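Worksheet for the structure shown next.
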Amino acid sequence: MTGARPPRWPSALAVGTLVSGIAGNVASNLLSTLADTLLGPASIVVAVVGAVASVVAEVHRRRAERQPTAEPTDIVAPPATGAPTLPYPVAFTGRAGQVDALVAALRDEHAVAVVGRRAVGTSSCAVQAANLCRTEFPDGQFYVDLRRGGRPRSPREVLTALARILGTTPPASGRADDLDEAADELRGHLDGRRILLVLDNVDHAAQVRPLLPPAARTCRLLLAGGPGLADLDGLVAHWIAEPDGADAVALFATAGGVAPAARPHRPDPRTDPAVGDIVELCGRQPRTVRALGYRTAQHGWRYADVRDALRRAVDTPPHQRVPASPAARLVTQRDTAYHALSAGARRLYRLMSLSPVPLDRPALAALAGRRPGRVATLLDELATAAVVRGAPGDRYEIRPLLAPYARLHLRDAEPAGRRVAAQARLTRHLARRAERHVTNLQVTASLLDRERSLPLDEDPYGWFDLHQDLLLAVVKVPAGAAETLPRRVRRWWFRLAVALCGWLAHANRTAEWAEVCRIVLATPTASDRPEIAGWAHNELGVLRRRQHDPQGAATALTLAVAERGRRGTAQARLNLGLALLDLGQLDEAVEHLELSRRHRSGADRSGHALTDLGLGAARLARGELETAHHHLVRAANTFRTLGDARGYAAALTNLVLVHAGLGEHLDAAQAWRAALREYESVADPGTRATALLNAGATLLSSAPGKAREAYRMLAESRRLRDGRRPAAGLGRTLLYLGDAAAALGDHAEARRHWADAAAVCEEVGDAAGQAAADARLVDDERSPADPPLRTER
C-alpha cells in the first residue's frame, strides 16, 4: 500500500541484538578475569559438576517424595540373596482350593504343570504351592525363571541353568543328542534325592521337553506356563483361570493396603460394589487388579470415579471420543499378556471388540482389512493365548470376561479415525452380503413360484439365521450415541438396516422388524437425515397395515410422506393410499395413489404396476368399474411381463369383482380360474384364501347352480385362514359359506356360519359384515333385495 509507514520491529530487533552482544562480551570478560585470578580451570570444572549433581539430586528427591515406594505389581519376588532358591509370592490372596490341589498332586505325581493364559496367576500359584510343601523336600528347592529379560530361554539355556545349579555337565550344543545326554545326567543326579524344581514362565513346550519324564521316586518337577504345556506327555496339568470375583476384590484391597498413602477413613473396598465392577472391567487379571488397587489407594481416587471412567471408555460408541483417564491408561499398560502378542494379533484383538457377537472369518478379514489367510494365522495365535474362543458356524469371539478389557485397548491404541474406518469396513461387508442374500430370497420366491430348482451357492435363510444377532448388533451401534454417525459409516449402516428389514418382512418376524425401525428412529442419524426417518416410518406403516391396524399405518405413513424425498415419496404415498383405502377414506386414497404414480419414474415398471393395482382397487370401491377395469388390466399385463406371479394373481383377483359388477360373468369366471392357477404356484396362503373367497362369492352371485363348487372354494378359503389372526376376510368367508350352505338347503349349517361371521366381524370392527350376518340370521335366508357386499381385494 502506497504512503504507509515502514514497520519499526526490524530496527528494534537490530538494536536489541547489538546491546545484548555487547553486554554478553563484557560479562564474559569479567568472568574470565575472575577465574584466572582466583580459581583456575580445575576449580571451575568441579564447581560446574557439583552444581549439576545438586540439581539432579533435588529432582530425584522431589520425585521420591511424590512416589515414596515402588508400585508392588510383581507377582513373585526374587530371593533376597540372588541364589536360585525358592522365592515367595508377593501378598498372595485367594485360590486356596487350587493351591491345595497342587500340593496334593506334588505328593503323588513326579511332574505337575500349572497351566493358564499369560498373567492369569500361574507363577504365584506354583510358587505358593511349592512354599507350602518345601519341608517335604529337604535336599533342596530350586526356582528357575525360563523367561530372561522378557525373552524365552532355549532348551540348551534351560539345561545349562539347571546344570549350574545342581553341579552337572551342561550340554555341549543345542543338538538333540547333546540335550538328551545332559538331561540324562541331570536325571541321574536327581534320582533318589528329595528335590523340588520349579520352572516358571514356560512359554514353549520345547523348553522343558528334554526333562520329561523326570527322575523317578523322590524328585518333583513343578512347571508354570501357557496352555501348550497341557499337551506334553509325562506330566499332570492343572488348568487355572482368572480368580473369581471375591478373590479379585481381595487382590484389589490387599494392594491398596500396601500403599503408604492409604487413608484409614476410606471405605472398605471389599464391601464397596464399585470395586466389584472395577475388577470385572479389568477382566479379573491379577497384575492389573493389584496395580489399579495400589494406585487408587495411593492417589485417593474414589472407587465410583474409577469405575465410571472405565465404563465410559468401554460403553461409549467407537466413533465418539472420550477423554483419556489415568485409570484406563494404567489398566492397558499392565496387561502383560496383551503386550506379549504380536502386533498383528494385538490389532485384531482390539478390532474384534467392535462386535459384541461372534464373527466369521470373512467378516474378520473385512474388519481388519487383511487377507483371510493372514487372519487365520492371527486367530490361531489369539486362540493359543486363550484370548478368543470359537463359536458355532466357524465364528470367533473374544472371551466374555476379556471383552471390556479389549474395548479399553481399542480406545487406548486406535485413534478415532481408525476405529471409524474399521467400523465402516465391517458394516460395508455385512451390508453387501445382506443385500445379496435379500436378492437371493426374492429370486428363491420367484423360482419356487415357477416350480424350478434353486441354483444358489449359499442358503440365504441359513445365512440370515446364523448372523441375525450380528446384524441387529451393528444396526444398534448408534442407538446410544450422542452424535450422528460418520458419513462413511452412515451410508452402509442404512443399507444394512434396509436389507435386514427386507429379510424380517420376508420371514414375517414382525417384532424384530418393528424393533429395527424403532432403533433407526431413535438414533441422532435419523434426526439429522429426514430421508432415513421417512424410510423407518414407511416400514412401520407397512408393518402395521400387515398387522391389520390401518389407523396406525395411516399415521406412520403420513409422517413418511412428510419426511421422505422425491424417490421415497412415491412408495410412501402408495402405502398411505392403501391404508386409507382400508379405512374407507376413498377420495383421499385415490388422491395419494395418483400422486404416487406422478412421482414414479418411467423406468420403475414394477412401481407403476403396484400403483395401478392400488388405483384399480380404489376405483372399484368407489363403484367406478370402467376406470377400475382399465387400471387392473394394465397392472395385470405389467406384472405378467415382469414375471411377478404374486402381483398378476392379485390383479386378476380384483378383476373378478369388476367383471362381476359389470355383469360379465363369463369374464369373471375366466379371471378367477386364471387367478387360482397363479395362486397354486405362489406359496402365500393369505392371498390364495382371498382369491378363493372372491371366486366363491362370484359363483354364488353369477351362477346359483354352482353352489356346491362355490361351497368347496369357500371352505378351502376358511381352512387357509384357520390358525391365523382373525381379520375381515374370515368374517366375509363365513358369511358366504352360510349363503352357500343355504343355497344347498342346509339351513342349520348356514345359521351356524352366519352366527360365527357376526362374531368375527364384530371382533375385527367390520360393521357392514356384521350387519349383513345379523340380517341373514333374522331372515334365515338371503333376500334378493339385499345389496351385494364388497369382498376383499
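Quick note on naming: the chains in the C-alpha cells go A, B, ... in the order shown, residues restart at 1 in each chain, and ligands are numbered from 1 in order of appearance.
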
*DSSP strand (DSSP E or B) residues within stretch 80-190 of chain A, as a ChimeraX atom specification*: /A:85,88-89,111-115,141-145,147-148,151-152

_Residues flagged alpha helix (DSSP H) by DSSP in stretch 483-694 of chain A, as a PyMOL selection string_ = chain A and resi 487-506+510-522+524-528+530-546+550-563+566-582+586-599+605-621+625-642+645-661+665-680+685-694

As a short mmCIF file (atom, residue, chain, number, x, y, z; two decimals) with N, CA and C atoms, in the first residue's frame, please: the residues near A:Arg752 (cut-off 10 Å, only C-alpha atoms, same-chain neighbours under 5 positions excluded).
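Saved the output as result-v2.cif:
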data_model
loop_
_atom_site.label_atom_id
_atom_site.label_comp_id
_atom_site.auth_asym_id
_atom_site.auth_seq_id
_atom_site.Cartn_x
_atom_site.Cartn_y
_atom_site.Cartn_z
N LEU A 734 -66.95 -66.68 6.22
CA LEU A 734 -68.01 -67.36 6.96
C LEU A 734 -69.39 -66.91 6.49
N LEU A 735 -69.49 -65.64 6.15
CA LEU A 735 -70.78 -65.11 5.68
C LEU A 735 -71.20 -65.81 4.39
N LEU A 737 -69.99 -68.63 3.23
CA LEU A 737 -70.17 -70.05 3.49
C LEU A 737 -71.62 -70.33 3.93
N GLY A 738 -72.15 -69.43 4.75
CA GLY A 738 -73.55 -69.56 5.13
C GLY A 738 -74.48 -69.45 3.94
N ALA A 741 -74.26 -72.69 2.02
CA ALA A 741 -74.99 -73.75 2.70
C ALA A 741 -76.49 -73.58 2.55
N HIS A 747 -79.97 -75.28 6.19
CA HIS A 747 -80.18 -74.02 6.90
C HIS A 747 -79.54 -74.02 8.29
N ALA A 757 -69.85 -65.59 11.60
CA ALA A 757 -69.46 -64.42 10.83
C ALA A 757 -69.77 -63.14 11.60
N LEU A 777 -79.38 -63.87 9.63
CA LEU A 777 -79.90 -64.66 10.75
C LEU A 777 -81.38 -64.37 11.00
#

*Which one is closest to A:Pro317: A:Ala241, A:Leu232, A:Ala376, A:Leu410? Count only C-alpha atoms.*
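The closest residue to A:Pro317 is A:Leu410.
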
At a cut-off of 12 Å, using only C-alpha atoms, what residues contact A:Ala505? Leave out same-chain residues fewer than 5 positions from it and give the result as a short mmCIF file (atom, residue, chain, number, x, y, z; two decimals) with N, CA, C and O atoms, in the first residue's frame.
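part25.cif written:
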data_model
loop_
_atom_site.label_atom_id
_atom_site.label_comp_id
_atom_site.auth_asym_id
_atom_site.auth_seq_id
_atom_site.Cartn_x
_atom_site.Cartn_y
_atom_site.Cartn_z
N VAL A 438 -30.76 -60.92 0.43
CA VAL A 438 -32.15 -60.49 0.24
C VAL A 438 -32.55 -60.66 -1.21
O VAL A 438 -33.67 -61.11 -1.52
N LEU A 441 -33.30 -64.17 -1.70
CA LEU A 441 -34.62 -64.52 -1.19
C LEU A 441 -35.70 -64.23 -2.22
O LEU A 441 -36.62 -65.02 -2.43
N GLN A 442 -35.58 -63.09 -2.89
CA GLN A 442 -36.57 -62.75 -3.91
C GLN A 442 -36.47 -63.71 -5.10
O GLN A 442 -37.49 -64.15 -5.65
N VAL A 498 -31.90 -51.47 5.83
CA VAL A 498 -32.90 -51.73 4.78
C VAL A 498 -32.91 -53.21 4.42
O VAL A 498 -33.97 -53.85 4.32
N ALA A 499 -31.73 -53.79 4.21
CA ALA A 499 -31.67 -55.21 3.87
C ALA A 499 -32.18 -56.09 5.00
O ALA A 499 -32.87 -57.09 4.77
N LEU A 500 -31.85 -55.72 6.24
CA LEU A 500 -32.30 -56.51 7.38
C LEU A 500 -33.82 -56.48 7.49
O LEU A 500 -34.46 -57.52 7.74
N THR A 510 -42.35 -59.95 12.68
CA THR A 510 -42.83 -58.57 12.84
C THR A 510 -42.23 -57.89 14.07
O THR A 510 -42.01 -56.67 14.05
N ALA A 511 -41.98 -58.62 15.14
CA ALA A 511 -41.45 -58.00 16.35
C ALA A 511 -40.06 -57.43 16.10
O ALA A 511 -39.77 -56.27 16.44
N GLU A 512 -39.15 -58.24 15.49
CA GLU A 512 -37.80 -57.74 15.19
C GLU A 512 -37.85 -56.65 14.13
O GLU A 512 -37.05 -55.70 14.17
N TRP A 513 -38.77 -56.76 13.18
CA TRP A 513 -38.93 -55.74 12.15
C TRP A 513 -39.26 -54.40 12.79
O TRP A 513 -38.64 -53.37 12.48
N ALA A 514 -40.23 -54.39 13.68
CA ALA A 514 -40.60 -53.14 14.36
C ALA A 514 -39.45 -52.64 15.23
O ALA A 514 -39.23 -51.41 15.33
N VAL A 516 -36.18 -52.94 14.72
CA VAL A 516 -35.18 -52.28 13.88
C VAL A 516 -35.66 -50.88 13.49
O VAL A 516 -34.88 -49.91 13.52
N CYS A 517 -36.91 -50.74 13.13
CA CYS A 517 -37.44 -49.42 12.75
C CYS A 517 -37.36 -48.45 13.92
O CYS A 517 -37.00 -47.27 13.74
N GLU A 539 -41.66 -48.11 6.77
CA GLU A 539 -41.60 -49.52 7.17
C GLU A 539 -42.61 -49.82 8.28
O GLU A 539 -43.29 -50.85 8.26
N LEU A 540 -42.71 -48.90 9.25
CA LEU A 540 -43.67 -49.12 10.33
C LEU A 540 -45.10 -49.10 9.81
O LEU A 540 -45.96 -49.85 10.29
N VAL A 542 -46.12 -50.04 6.75
CA VAL A 542 -46.36 -51.32 6.09
C VAL A 542 -46.56 -52.43 7.11
O VAL A 542 -47.44 -53.29 6.97
N LEU A 543 -45.75 -52.39 8.16
CA LEU A 543 -45.86 -53.42 9.20
C LEU A 543 -47.23 -53.35 9.89
O LEU A 543 -47.88 -54.39 10.09
N ARG A 544 -47.69 -52.16 10.23
CA ARG A 544 -48.98 -52.04 10.93
C ARG A 544 -50.15 -52.38 10.02
O ARG A 544 -51.17 -52.91 10.47
N ARG A 546 -49.94 -54.66 7.73
CA ARG A 546 -49.92 -56.12 7.71
C ARG A 546 -50.53 -56.70 9.00
O ARG A 546 -51.10 -57.79 8.98
N GLN A 547 -50.40 -55.97 10.09
CA GLN A 547 -50.97 -56.41 11.36
C GLN A 547 -52.43 -55.98 11.52
O GLN A 547 -52.96 -56.02 12.63
#
